[in-house]
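Participant: Contents of query.cif (mmCIF, C-alpha atoms and all ligand atoms) are given next:
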data_target
#
loop_
_atom_site.group_PDB
_atom_site.id
_atom_site.type_symbol
_atom_site.label_atom_id
_atom_site.label_comp_id
_atom_site.auth_asym_id
_atom_site.auth_seq_id
_atom_site.Cartn_x
_atom_site.Cartn_y
_atom_site.Cartn_z
ATOM 1 C CA MET A 5 -8.492 35.612 -4.932
ATOM 2 C CA SER A 6 -9.968 32.679 -3.021
ATOM 3 C CA ASN A 7 -8.253 29.307 -2.862
ATOM 4 C CA PRO A 8 -9.009 26.960 -5.760
ATOM 5 C CA SER A 9 -11.847 24.551 -5.051
ATOM 6 C CA LEU A 10 -11.319 20.782 -5.015
ATOM 7 C CA ASP A 11 -13.012 20.725 -8.443
ATOM 8 C CA ASP A 12 -10.446 23.180 -9.826
ATOM 9 C CA GLN A 13 -7.606 21.221 -8.239
ATOM 10 C CA ILE A 14 -8.882 18.003 -9.787
ATOM 11 C CA GLU A 15 -9.126 19.766 -13.160
ATOM 12 C CA THR A 16 -5.456 20.768 -12.881
ATOM 13 C CA VAL A 17 -4.492 17.152 -12.219
ATOM 14 C CA VAL A 18 -6.638 15.911 -15.101
ATOM 15 C CA GLU A 19 -4.941 18.348 -17.488
ATOM 16 C CA LYS A 20 -1.534 17.038 -16.409
ATOM 17 C CA LEU A 21 -2.718 13.467 -16.919
ATOM 18 C CA LEU A 22 -4.058 14.186 -20.401
ATOM 19 C CA SER A 23 -0.547 15.097 -21.565
ATOM 20 C CA ALA A 24 1.226 12.414 -19.507
ATOM 21 C CA LYS A 25 2.831 9.334 -21.018
ATOM 22 C CA SER A 26 3.906 7.623 -17.827
ATOM 23 C CA VAL A 27 1.953 7.491 -14.560
ATOM 24 C CA VAL A 28 2.755 5.949 -11.172
ATOM 25 C CA VAL A 29 0.363 5.490 -8.249
ATOM 26 C CA PHE A 30 2.091 4.988 -4.891
ATOM 27 C CA THR A 31 -0.236 3.803 -2.109
ATOM 28 C CA GLY A 32 -0.370 3.226 1.633
ATOM 29 C CA ALA A 33 -2.810 1.892 4.195
ATOM 30 C CA GLY A 34 -5.196 4.840 3.619
ATOM 31 C CA VAL A 35 -6.251 3.540 0.195
ATOM 32 C CA SER A 36 -7.617 0.438 1.937
ATOM 33 C CA ALA A 37 -9.230 2.293 4.855
ATOM 34 C CA GLU A 38 -12.583 2.571 3.055
ATOM 35 C CA SER A 39 -12.515 -1.204 2.513
ATOM 36 C CA GLY A 40 -12.417 -1.601 6.264
ATOM 37 C CA VAL A 41 -8.849 -2.896 6.473
ATOM 38 C CA PRO A 42 -7.801 -1.898 9.954
ATOM 39 C CA THR A 43 -4.532 -0.126 10.457
ATOM 40 C CA PHE A 44 -2.017 -1.560 12.893
ATOM 41 C CA ARG A 45 -3.857 0.283 15.648
ATOM 42 C CA ASP A 46 -7.200 -1.371 15.030
ATOM 43 C CA LYS A 47 -9.497 -2.590 17.768
ATOM 44 C CA GLY A 48 -8.402 -6.182 17.427
ATOM 45 C CA GLY A 49 -9.321 -7.278 20.936
ATOM 46 C CA MET A 50 -6.279 -8.867 22.547
ATOM 47 C CA TRP A 51 -4.024 -7.505 19.816
ATOM 48 C CA THR A 52 -4.364 -3.960 21.121
ATOM 49 C CA LYS A 53 -2.128 -5.102 24.005
ATOM 50 C CA PHE A 54 0.823 -5.369 21.616
ATOM 51 C CA LYS A 55 2.627 -2.815 19.497
ATOM 52 C CA PRO A 56 3.122 -3.871 15.855
ATOM 53 C CA GLU A 57 6.860 -3.320 16.309
ATOM 54 C CA GLU A 58 6.794 -6.034 18.992
ATOM 55 C CA LEU A 59 5.079 -8.579 16.736
ATOM 56 C CA ALA A 60 6.242 -7.728 13.239
ATOM 57 C CA ASN A 61 9.874 -8.714 13.588
ATOM 58 C CA PHE A 62 11.892 -11.892 13.180
ATOM 59 C CA ASP A 63 13.092 -12.128 16.789
ATOM 60 C CA ALA A 64 9.528 -11.955 18.109
ATOM 61 C CA PHE A 65 8.538 -14.680 15.654
ATOM 62 C CA MET A 66 11.354 -16.985 16.783
ATOM 63 C CA LYS A 67 10.722 -16.258 20.457
ATOM 64 C CA ASN A 68 6.964 -16.681 20.292
ATOM 65 C CA PRO A 69 5.869 -18.185 16.951
ATOM 66 C CA ASP A 70 2.340 -18.929 18.235
ATOM 67 C CA LEU A 71 1.735 -15.308 19.176
ATOM 68 C CA VAL A 72 3.077 -13.818 15.919
ATOM 69 C CA THR A 73 1.389 -16.438 13.722
ATOM 70 C CA GLY A 74 -1.878 -15.846 15.583
ATOM 71 C CA TRP A 75 -1.649 -12.113 14.921
ATOM 72 C CA TYR A 76 -1.026 -12.663 11.216
ATOM 73 C CA SER A 77 -3.832 -15.225 11.021
ATOM 74 C CA HIS A 78 -6.142 -12.623 12.545
ATOM 75 C CA ARG A 79 -5.052 -9.960 10.025
ATOM 76 C CA ARG A 80 -5.170 -12.381 7.085
ATOM 77 C CA LYS A 81 -8.703 -13.366 7.993
ATOM 78 C CA ILE A 82 -9.836 -9.735 8.113
ATOM 79 C CA MET A 83 -8.143 -8.978 4.788
ATOM 80 C CA SER A 84 -9.740 -12.018 3.155
ATOM 81 C CA GLU A 85 -13.184 -10.797 4.204
ATOM 82 C CA VAL A 86 -12.936 -7.236 2.856
ATOM 83 C CA LYS A 87 -13.339 -6.082 -0.727
ATOM 84 C CA PRO A 88 -11.504 -3.551 -2.877
ATOM 85 C CA ASN A 89 -13.150 -0.098 -2.744
ATOM 86 C CA PRO A 90 -13.772 2.471 -5.520
ATOM 87 C CA GLY A 91 -10.244 3.857 -4.972
ATOM 88 C CA HIS A 92 -8.632 0.516 -5.868
ATOM 89 C CA TYR A 93 -10.942 0.132 -8.874
ATOM 90 C CA ALA A 94 -10.116 3.648 -10.089
ATOM 91 C CA VAL A 95 -6.399 2.812 -9.967
ATOM 92 C CA ALA A 96 -7.073 -0.334 -12.020
ATOM 93 C CA GLU A 97 -9.041 1.782 -14.544
ATOM 94 C CA LEU A 98 -6.134 4.217 -14.921
ATOM 95 C CA GLU A 99 -3.855 1.329 -15.872
ATOM 96 C CA LYS A 100 -6.052 0.740 -18.928
ATOM 97 C CA VAL A 101 -5.661 4.362 -20.047
ATOM 98 C CA PHE A 102 -1.870 4.648 -19.914
ATOM 99 C CA ASP A 103 0.587 2.350 -21.685
ATOM 100 C CA ASP A 104 3.235 3.141 -19.138
ATOM 101 C CA PHE A 105 1.651 2.725 -15.727
ATOM 102 C CA CYS A 106 2.341 0.994 -12.436
ATOM 103 C CA VAL A 107 1.241 0.782 -8.836
ATOM 104 C CA ILE A 108 3.822 0.910 -6.071
ATOM 105 C CA THR A 109 2.226 -0.167 -2.818
ATOM 106 C CA GLN A 110 3.253 -0.425 0.804
ATOM 107 C CA ASN A 111 0.141 -2.476 1.506
ATOM 108 C CA VAL A 112 0.289 -6.214 2.028
ATOM 109 C CA ASP A 113 -3.472 -6.739 1.613
ATOM 110 C CA ASN A 114 -3.497 -7.724 -2.092
ATOM 111 C CA LEU A 115 -6.501 -5.429 -2.751
ATOM 112 C CA HIS A 116 -4.953 -3.715 -5.793
ATOM 113 C CA ARG A 117 -4.561 -7.074 -7.526
ATOM 114 C CA ARG A 118 -8.055 -8.125 -6.528
ATOM 115 C CA ALA A 119 -9.368 -4.870 -8.063
ATOM 116 C CA GLY A 120 -7.693 -5.713 -11.373
ATOM 117 C CA SER A 121 -4.364 -3.876 -11.253
ATOM 118 C CA LYS A 122 -1.701 -5.841 -13.116
ATOM 119 C CA LYS A 123 1.613 -4.050 -12.789
ATOM 120 C CA ILE A 124 2.292 -3.763 -9.070
ATOM 121 C CA PHE A 125 5.466 -3.353 -7.091
ATOM 122 C CA GLU A 126 4.891 -4.637 -3.558
ATOM 123 C CA LEU A 127 7.452 -2.919 -1.372
ATOM 124 C CA HIS A 128 6.408 -4.646 1.858
ATOM 125 C CA GLY A 129 5.384 -8.054 0.539
ATOM 126 C CA ASN A 130 1.998 -9.733 0.510
ATOM 127 C CA ILE A 131 0.228 -11.290 3.482
ATOM 128 C CA GLU A 132 -1.411 -13.915 1.246
ATOM 129 C CA ARG A 133 1.964 -15.444 0.472
ATOM 130 C CA ASN A 134 3.646 -17.558 3.163
ATOM 131 C CA TYR A 135 6.823 -19.605 3.117
ATOM 132 C CA CYS A 136 8.934 -21.937 5.237
ATOM 133 C CA ILE A 137 11.911 -20.185 6.801
ATOM 134 C CA THR A 138 14.028 -23.374 6.497
ATOM 135 C CA CYS A 139 13.384 -24.806 3.003
ATOM 136 C CA LYS A 140 11.685 -21.661 1.527
ATOM 137 C CA LYS A 141 8.765 -23.701 0.171
ATOM 138 C CA ASN A 142 5.609 -21.631 -0.402
ATOM 139 C CA HIS A 143 2.530 -22.579 1.622
ATOM 140 C CA ASP A 144 -1.012 -21.737 0.590
ATOM 141 C CA LEU A 145 -2.763 -20.821 3.834
ATOM 142 C CA THR A 146 -6.106 -19.865 2.306
ATOM 143 C CA GLY A 147 -8.739 -20.686 4.907
ATOM 144 C CA ASN A 148 -6.110 -21.651 7.516
ATOM 145 C CA TYR A 149 -6.335 -19.082 10.309
ATOM 146 C CA SER A 150 -4.401 -21.057 12.880
ATOM 147 C CA PRO A 151 -3.878 -19.345 16.205
ATOM 148 C CA GLN A 152 -0.714 -21.442 16.562
ATOM 149 C CA ALA A 153 2.576 -21.631 14.701
ATOM 150 C CA ILE A 154 2.349 -23.426 11.342
ATOM 151 C CA LYS A 155 5.009 -26.016 10.491
ATOM 152 C CA CYS A 156 6.301 -27.082 7.105
ATOM 153 C CA GLU A 157 6.775 -30.812 6.348
ATOM 154 C CA CYS A 158 10.497 -30.202 6.820
ATOM 155 C CA GLY A 159 9.854 -29.022 10.377
ATOM 156 C CA GLY A 160 10.584 -25.366 9.645
ATOM 157 C CA LEU A 161 8.265 -22.549 10.693
ATOM 158 C CA VAL A 162 5.992 -20.944 8.094
ATOM 159 C CA ARG A 163 6.063 -17.151 8.050
ATOM 160 C CA PRO A 164 4.215 -14.478 6.075
ATOM 161 C CA ASP A 165 6.036 -13.060 3.054
ATOM 162 C CA VAL A 166 5.939 -9.541 4.433
ATOM 163 C CA VAL A 167 8.761 -7.176 5.306
ATOM 164 C CA TRP A 168 9.250 -7.062 9.051
ATOM 165 C CA PHE A 169 10.864 -4.278 11.045
ATOM 166 C CA GLY A 170 14.619 -4.522 10.588
ATOM 167 C CA GLU A 171 14.361 -6.453 7.293
ATOM 168 C CA ILE A 172 15.367 -5.156 3.900
ATOM 169 C CA LEU A 173 12.810 -4.600 1.157
ATOM 170 C CA PRO A 174 12.612 -7.126 -1.709
ATOM 171 C CA GLN A 175 15.305 -5.678 -3.923
ATOM 172 C CA ASP A 176 13.682 -6.446 -7.291
ATOM 173 C CA GLN A 177 10.484 -4.712 -6.185
ATOM 174 C CA TYR A 178 12.376 -1.748 -4.781
ATOM 175 C CA ALA A 179 14.583 -1.299 -7.840
ATOM 176 C CA GLY A 180 11.605 -1.520 -10.207
ATOM 177 C CA ALA A 181 9.687 0.979 -8.104
ATOM 178 C CA VAL A 182 12.545 3.487 -8.008
ATOM 179 C CA ALA A 183 13.011 3.260 -11.780
ATOM 180 C CA ALA A 184 9.287 3.861 -12.320
ATOM 181 C CA ALA A 185 9.149 6.768 -9.854
ATOM 182 C CA GLU A 186 12.129 8.400 -11.535
ATOM 183 C CA SER A 187 10.754 8.145 -15.040
ATOM 184 C CA CYS A 188 7.067 9.049 -14.675
ATOM 185 C CA ASP A 189 5.358 12.282 -15.717
ATOM 186 C CA VAL A 190 2.669 12.190 -13.031
ATOM 187 C CA PHE A 191 3.178 10.564 -9.636
ATOM 188 C CA PHE A 192 0.288 9.999 -7.223
ATOM 189 C CA SER A 193 0.919 9.469 -3.510
ATOM 190 C CA VAL A 194 -2.300 8.078 -2.082
ATOM 191 C CA GLY A 195 -3.251 7.326 1.521
ATOM 192 C CA THR A 196 0.224 7.185 2.944
ATOM 193 C CA SER A 197 1.524 9.101 5.930
ATOM 194 C CA ALA A 198 4.918 9.099 4.147
ATOM 195 C CA VAL A 199 6.845 8.380 7.312
ATOM 196 C CA VAL A 200 7.967 4.796 6.605
ATOM 197 C CA TYR A 201 11.331 4.722 4.800
ATOM 198 C CA PRO A 202 12.744 3.732 2.387
ATOM 199 C CA ALA A 203 9.226 3.516 0.836
ATOM 200 C CA ALA A 204 8.588 7.243 1.277
ATOM 201 C CA TYR A 205 11.681 8.026 -0.823
ATOM 202 C CA MET A 206 9.512 7.229 -3.867
ATOM 203 C CA ILE A 207 7.806 10.606 -3.475
ATOM 204 C CA ILE A 208 11.116 12.441 -3.216
ATOM 205 C CA TYR A 209 12.700 10.552 -6.138
ATOM 206 C CA ALA A 210 9.713 11.260 -8.361
ATOM 207 C CA LYS A 211 9.728 14.937 -7.505
ATOM 208 C CA GLN A 212 13.486 15.274 -7.975
ATOM 209 C CA ALA A 213 13.243 13.610 -11.371
ATOM 210 C CA GLY A 214 10.674 16.195 -12.473
ATOM 211 C CA ALA A 215 7.321 14.429 -12.070
ATOM 212 C CA PHE A 216 4.145 16.340 -11.297
ATOM 213 C CA VAL A 217 3.386 15.011 -7.797
ATOM 214 C CA VAL A 218 -0.219 14.665 -6.658
ATOM 215 C CA GLU A 219 -1.044 13.767 -3.085
ATOM 216 C CA VAL A 220 -4.444 12.280 -2.223
ATOM 217 C CA ASN A 221 -5.039 12.083 1.513
ATOM 218 C CA VAL A 222 -7.597 13.039 4.136
ATOM 219 C CA ASP A 223 -4.894 15.168 5.736
ATOM 220 C CA TYR A 224 -1.543 16.810 5.022
ATOM 221 C CA THR A 225 1.544 14.644 5.558
ATOM 222 C CA ASP A 226 5.238 15.073 6.312
ATOM 223 C CA LEU A 227 5.954 15.146 2.568
ATOM 224 C CA SER A 228 3.069 17.362 1.428
ATOM 225 C CA HIS A 229 5.566 20.071 0.525
ATOM 226 C CA TYR A 230 6.834 17.808 -2.260
ATOM 227 C CA ALA A 231 3.385 17.692 -3.845
ATOM 228 C CA ASN A 232 2.510 20.025 -6.702
ATOM 229 C CA GLN A 233 -1.094 19.409 -5.791
ATOM 230 C CA THR A 234 -2.615 17.992 -2.610
ATOM 231 C CA LEU A 235 -6.184 16.770 -3.006
ATOM 232 C CA LEU A 236 -7.746 16.536 0.435
ATOM 233 C CA GLY A 237 -10.396 13.844 0.797
ATOM 234 C CA ASN A 238 -11.084 10.130 0.691
ATOM 235 C CA SER A 239 -9.194 8.296 -2.038
ATOM 236 C CA GLY A 240 -12.326 6.213 -2.701
ATOM 237 C CA GLU A 241 -14.095 9.413 -3.777
ATOM 238 C CA ILE A 242 -11.329 11.501 -5.339
ATOM 239 C CA LEU A 243 -9.712 8.828 -7.553
ATOM 240 C CA PRO A 244 -13.006 7.840 -9.248
ATOM 241 C CA ARG A 245 -13.721 11.534 -9.919
ATOM 242 C CA ILE A 246 -10.377 11.844 -11.692
ATOM 243 C CA VAL A 247 -10.977 8.694 -13.736
ATOM 244 C CA ARG A 248 -14.451 9.878 -14.814
ATOM 245 C CA LYS A 249 -12.943 13.127 -16.126
ATOM 246 C CA ILE A 250 -10.127 11.344 -17.971
ATOM 247 C CA LYS A 251 -12.579 9.087 -19.750
ATOM 248 C CA ARG A 252 -15.167 11.760 -20.597
HETATM 249 N N1 LIG B 301 -3.710 -2.451 4.240
HETATM 250 C C1 LIG B 301 -2.452 -2.848 4.550
HETATM 251 O O1 LIG B 301 -1.874 -3.666 3.843
HETATM 252 C C2 LIG B 301 -1.793 -2.261 5.775
HETATM 253 C C3 LIG B 301 -2.536 -1.924 6.902
HETATM 254 C C4 LIG B 301 -1.849 -1.402 8.015
HETATM 255 C C5 LIG B 301 -0.477 -1.193 7.972
HETATM 256 N N2 LIG B 301 0.227 -1.522 6.863
HETATM 257 C C6 LIG B 301 1.701 -1.234 6.842
HETATM 258 O O2 LIG B 301 1.934 -0.197 7.769
HETATM 259 C C7 LIG B 301 2.817 0.830 7.279
HETATM 260 C C8 LIG B 301 2.072 2.153 7.445
HETATM 261 O O3 LIG B 301 2.401 3.175 6.504
HETATM 262 P P1 LIG B 301 1.286 3.830 5.555
HETATM 263 O O4 LIG B 301 1.774 5.169 5.159
HETATM 264 O O5 LIG B 301 0.919 2.849 4.541
HETATM 265 O O6 LIG B 301 0.012 3.984 6.478
HETATM 266 P P2 LIG B 301 -0.296 4.961 7.701
HETATM 267 O O7 LIG B 301 -1.300 4.265 8.553
HETATM 268 O O8 LIG B 301 0.934 5.460 8.349
HETATM 269 O O9 LIG B 301 -0.978 6.221 6.989
HETATM 270 C C9 LIG B 301 -2.238 6.123 6.404
HETATM 271 C C10 LIG B 301 -2.501 7.449 5.702
HETATM 272 O O10 LIG B 301 -3.716 7.347 5.016
HETATM 273 C C11 LIG B 301 -4.483 8.505 5.222
HETATM 274 N N3 LIG B 301 -5.877 8.103 5.047
HETATM 275 C C12 LIG B 301 -6.697 7.470 5.928
HETATM 276 N N4 LIG B 301 -7.889 7.221 5.365
HETATM 277 C C13 LIG B 301 -7.819 7.685 4.082
HETATM 278 C C14 LIG B 301 -8.735 7.711 2.998
HETATM 279 N N5 LIG B 301 -9.958 7.195 3.089
HETATM 280 N N6 LIG B 301 -8.328 8.284 1.838
HETATM 281 C C15 LIG B 301 -7.075 8.817 1.716
HETATM 282 N N7 LIG B 301 -6.165 8.816 2.721
HETATM 283 C C16 LIG B 301 -6.543 8.261 3.879
HETATM 284 C C17 LIG B 301 -4.101 8.996 6.599
HETATM 285 O O11 LIG B 301 -4.315 10.401 6.723
HETATM 286 C C18 LIG B 301 -2.611 8.641 6.651
HETATM 287 O O12 LIG B 301 -1.822 9.693 6.136
HETATM 288 C C19 LIG B 301 3.143 0.429 5.886
HETATM 289 O O13 LIG B 301 4.456 -0.017 5.912
HETATM 290 C C20 LIG B 301 2.224 -0.746 5.527
HETATM 291 O O14 LIG B 301 2.962 -1.796 4.921
HETATM 292 C C21 LIG B 301 -0.409 -2.053 5.765
HETATM 293 ZN ZN ZN B 302 10.218 -26.351 4.906
#
Could I get this structure in the form of C-alpha cells?
Ligand SMILES: NC(=O)c1ccc[n+]([C@@H]2O[C@H](COP(=O)([O-])OP(=O)(O)OC[C@H]3O[C@@H](n4cnc5c(N)ncnc54)[C@H](O)[C@@H]3O)[C@@H](O)[C@H]2O)c1
Ligand SMILES: [Zn+2]
Facilitator:
Amino acid sequence: MSNPSLDDQIETVVEKLLSAKSVVVFTGAGVSAESGVPTFRDKGGMWTKFKPEELANFDAFMKNPDLVTGWYSHRRKIMSEVKPNPGHYAVAELEKVFDDFCVITQNVDNLHRRAGSKKIFELHGNIERNYCITCKKNHDLTGNYSPQAIKCECGGLVRPDVVWFGEILPQDQYAGAVAAAESCDVFFSVGTSAVVYPAAYMIIYAKQAGAFVVEVNVDYTDLSHYANQTLLGNSGEILPRIVRKIKR
C-alpha cells in the first residue's frame, strides 16, 4: 500500500476535529514566514554580524543599550510593515468554530492578534509592548524606531516586553498554556522547530495527556515522533485547507 496522500492526511485531521471539543494551536516563527517576518538569521545588514544570543539578553542590553535597542527597533519596524498571512487567518477562523480554543505562540510579532485571534497565550512576550526597567511604566513606541536607547521620564531604560535568553517565561501565560495543552482533544504544532524549551514541552504535555497531535511544518522536527499526524507543507496553505473542510 502506498503512503497516504496529503489530502488523505488532512481528511484524518478533519475527522478528529469534527469530534473534538477542545483545540489548541501552538505556533512558532514558521507560521509568520509567509508574511515575510525574518527569522533571527535574516539578512538584516549590519545585524548579521551579531548572534541573537548576544543581543537578546539583559546583560547585553545594560552593556550596550543603543545596540540592543537599535536591533529591536529594526525588528519592530519590519514586523509593523508585514501583514498576517492565510495561516494566521485560518487559526482565527478555527477559534470561531470551537468553544474551547486557544493559541499558544512563541512569536512576539503580534500577527495572530492582528488576524483576529482572541485567546492567545504569548510565551515569549510581544515586541509591540515596551516598558521601563526602573518604574515598569509601559511605553507606546508605535512609529518610534530609534537607533538609540530610549529613556523613560524617570531616567530608566525602556526595553521590549519579550523574554530574553536566561529569563523566565511569564508565569501566567505559561501556566495557562500548560493547562490548555493538557486538556485539549486536538493539538496543532505549527511552524516551530520544537527546540526552544520550555515552550516545546507543550507538544509533549499535550501528547502525554492524550491529545491527537498534528504537526504542520515544511520539514520534520525533533519532536515529530510525538505527532499522530505530520502534515508537510506551508502553514499558509495547509491550515486554510483544513478550515475549508471543517466549514463545508
Ligand atoms: N515571528 C516572530 O515573532 C519570531 C521570529 C524569529 C524568532 N522568534 C523567536 O525565536 C525562537 C525560534 O523558535 P521557533 O520554533 O519559533 O522558530 P524556528 O526558526 O526555530 O523554527 C521555524 C520552523 O518553522 C518551519 N517553517 C518555516 N517556514 C514554514 C512555513 N511556511 N510553514 C510551516 N512551517 C514553516 C521550519 O521548518 C522550522 O521548523 C522562538 O523563541 C521565537 O520567540 C520569533
Ligand atoms: Zn520609568
Participant: Could you list, with a cut-off of 12 Å and counting all atoms listed in the file, the residues of range 91-202 of chain A near range 75-85 of chain A, each shown with its nearest atom pair and the distance in Å rounded to one decimal, rows sorted by chain and ascending number, as JSON lines?
Facilitator:
{"residue": "A:Asn111", "atom": "CA", "partner": "A:Met83", "partner_atom": "CA", "distance": 11.0}
{"residue": "A:Val112", "atom": "CA", "partner": "A:Met83", "partner_atom": "CA", "distance": 9.3}
{"residue": "A:Asp113", "atom": "CA", "partner": "A:Met83", "partner_atom": "CA", "distance": 6.1}
{"residue": "A:Asn114", "atom": "CA", "partner": "A:Met83", "partner_atom": "CA", "distance": 8.4}
{"residue": "A:Leu115", "atom": "CA", "partner": "A:Met83", "partner_atom": "CA", "distance": 8.5}
{"residue": "A:Arg118", "atom": "CA", "partner": "A:Ser84", "partner_atom": "CA", "distance": 10.6}
{"residue": "A:Asn130", "atom": "CA", "partner": "A:Arg80", "partner_atom": "CA", "distance": 10.1}
{"residue": "A:Ile131", "atom": "CA", "partner": "A:Arg80", "partner_atom": "CA", "distance": 6.6}
{"residue": "A:Glu132", "atom": "CA", "partner": "A:Arg80", "partner_atom": "CA", "distance": 7.1}
{"residue": "A:Arg133", "atom": "CA", "partner": "A:Arg80", "partner_atom": "CA", "distance": 10.2}
{"residue": "A:Asn134", "atom": "CA", "partner": "A:Tyr76", "partner_atom": "CA", "distance": 10.5}
{"residue": "A:Leu145", "atom": "CA", "partner": "A:Ser77", "partner_atom": "CA", "distance": 9.2}
{"residue": "A:Thr146", "atom": "CA", "partner": "A:Ser84", "partner_atom": "CA", "distance": 8.7}
{"residue": "A:Gly147", "atom": "CA", "partner": "A:Lys81", "partner_atom": "CA", "distance": 7.9}
{"residue": "A:Asn148", "atom": "CA", "partner": "A:Ser77", "partner_atom": "CA", "distance": 7.7}
{"residue": "A:Tyr149", "atom": "CA", "partner": "A:Ser77", "partner_atom": "CA", "distance": 4.7}
{"residue": "A:Ser150", "atom": "CA", "partner": "A:Ser77", "partner_atom": "CA", "distance": 6.1}
{"residue": "A:Pro151", "atom": "CA", "partner": "A:Ser77", "partner_atom": "CA", "distance": 6.6}
{"residue": "A:Gln152", "atom": "CA", "partner": "A:Ser77", "partner_atom": "CA", "distance": 8.9}
{"residue": "A:Ala153", "atom": "CA", "partner": "A:Ser77", "partner_atom": "CA", "distance": 9.8}
{"residue": "A:Ile154", "atom": "CA", "partner": "A:Ser77", "partner_atom": "CA", "distance": 10.3}
{"residue": "A:Val162", "atom": "CA", "partner": "A:Tyr76", "partner_atom": "CA", "distance": 11.3}
{"residue": "A:Arg163", "atom": "CA", "partner": "A:Tyr76", "partner_atom": "CA", "distance": 9.0}
{"residue": "A:Pro164", "atom": "CA", "partner": "A:Tyr76", "partner_atom": "CA", "distance": 7.6}
{"residue": "A:Asp165", "atom": "CA", "partner": "A:Tyr76", "partner_atom": "CA", "distance": 10.8}
{"residue": "A:Val166", "atom": "CA", "partner": "A:Tyr76", "partner_atom": "CA", "distance": 10.2}
{"residue": "A:Trp168", "atom": "CA", "partner": "A:Tyr76", "partner_atom": "CA", "distance": 11.9}
Participant: Set the distance at 12 Å and use all atoms listed in the file: which residues neighbour Ser121 in chain A once local chain neighbours fewer than 5 positions away are removed? I'd like the list as a list in words.
Facilitator: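 Contacts, with the query itself left out: Val29, Pro88, Gly91, His92, Tyr93, Ala94, Val95, Ala96, Glu97, Leu98, Glu99, Lys100, Phe105, Cys106, Val107, Ile108, Thr109, Asn114, Leu115 and His116 of chain A.
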Participant: What residues have any atom no more than 10 Å from ligand ZN 302 (chain B) when counting all atoms listed in the file, and can you list them as a ChimeraX atom specification?
Facilitator: /A:135-143,155-162
Participant: Any chance you could tabulate, as a Markdown table, the residues of chain A at most 7 Å from ligand LIG 301 (chain B) with each one's nearest atom pair and distance in Å to one decimal, using all atoms listed in the file, in chain and rising number order?
Facilitator:
| residue | atom | partner | partner_atom | distance |
| --- | --- | --- | --- | --- |
| A:Thr31 | CA | B:LIG301 | O5 | 6.8 |
| A:Gly32 | CA | B:LIG301 | O5 | 3.2 |
| A:Ala33 | CA | B:LIG301 | O5 | 3.9 |
| A:Gly34 | CA | B:LIG301 | O10 | 3.2 |
| A:Val35 | CA | B:LIG301 | N6 | 5.4 |
| A:Ser36 | CA | B:LIG301 | N1 | 5.4 |
| A:Ala37 | CA | B:LIG301 | N4 | 5.1 |
| A:Glu38 | CA | B:LIG301 | N5 | 5.3 |
| A:Val41 | CA | B:LIG301 | N1 | 5.6 |
| A:Pro42 | CA | B:LIG301 | C3 | 6.1 |
| A:Thr43 | CA | B:LIG301 | C4 | 3.8 |
| A:Phe44 | CA | B:LIG301 | C4 | 4.9 |
| A:Gln110 | CA | B:LIG301 | O14 | 4.3 |
| A:Asn111 | CA | B:LIG301 | O1 | 3.3 |
| A:Val112 | CA | B:LIG301 | O1 | 3.8 |
| A:Asp113 | CA | B:LIG301 | O1 | 4.1 |
| A:His128 | CA | B:LIG301 | O14 | 5.4 |
| A:Val194 | CA | B:LIG301 | C15 | 6.1 |
| A:Gly195 | CA | B:LIG301 | N7 | 3.5 |
| A:Thr196 | CA | B:LIG301 | O4 | 3.4 |
| A:Ser197 | CA | B:LIG301 | O12 | 3.4 |
| A:Ala198 | CA | B:LIG301 | O4 | 5.1 |
| A:Val199 | CA | B:LIG301 | O4 | 6.4 |
| A:Val200 | CA | B:LIG301 | O3 | 5.8 |
| A:Val220 | CA | B:LIG301 | C15 | 5.9 |
| A:Asn221 | CA | B:LIG301 | N7 | 3.7 |
| A:Val222 | CA | B:LIG301 | N7 | 4.7 |
| A:Asp223 | CA | B:LIG301 | O11 | 4.9 |
| A:Thr225 | CA | B:LIG301 | O12 | 6.0 |
| A:Gly237 | CA | B:LIG301 | N6 | 6.0 |
| A:Asn238 | CA | B:LIG301 | N6 | 3.5 |
| A:Ser239 | CA | B:LIG301 | N6 | 4.0 |
| A:Gly240 | CA | B:LIG301 | N5 | 6.3 |
Participant: Enumerate, in order of chain and increasing residue number, the residues of range 169-236 of chain A with an atom no farther than 10 Å from range 60-74 of chain A, each with its shortest atom pair and distance in Å to one decimal, counting only C-alpha atoms, as CSV.
Facilitator:
residue,atom,partner,partner_atom,distance
A:Phe169,CA,A:Asn61,CA,5.2
A:Gly170,CA,A:Asn61,CA,7.0
A:Glu171,CA,A:Asn61,CA,8.1
Participant: Rank nothing, just name the residue among A:Glu57, A:Tyr224, A:His229, A:Phe191 nearest to Val167 in chain A, using all atoms listed in the file.
Facilitator: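 Of the candidates, the smallest distance to Val167 in chain A is held by A:Glu57.
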Participant: Compare A:Leu173, A:Pro244, A:Val17, A:Ala215 by their minimum atom-to-atom distance to Ala203 in chain A, counting all atoms listed in the file, and give me the closest one.
Facilitator: A:Leu173
Participant: What does the distance between CA of Lys122 in chain A and CA of Val247 in chain A come to in Å, to one decimal place?
Facilitator: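 Calculated distance between CA of Lys122 in chain A and CA of Val247 in chain A is 17.3 Å.
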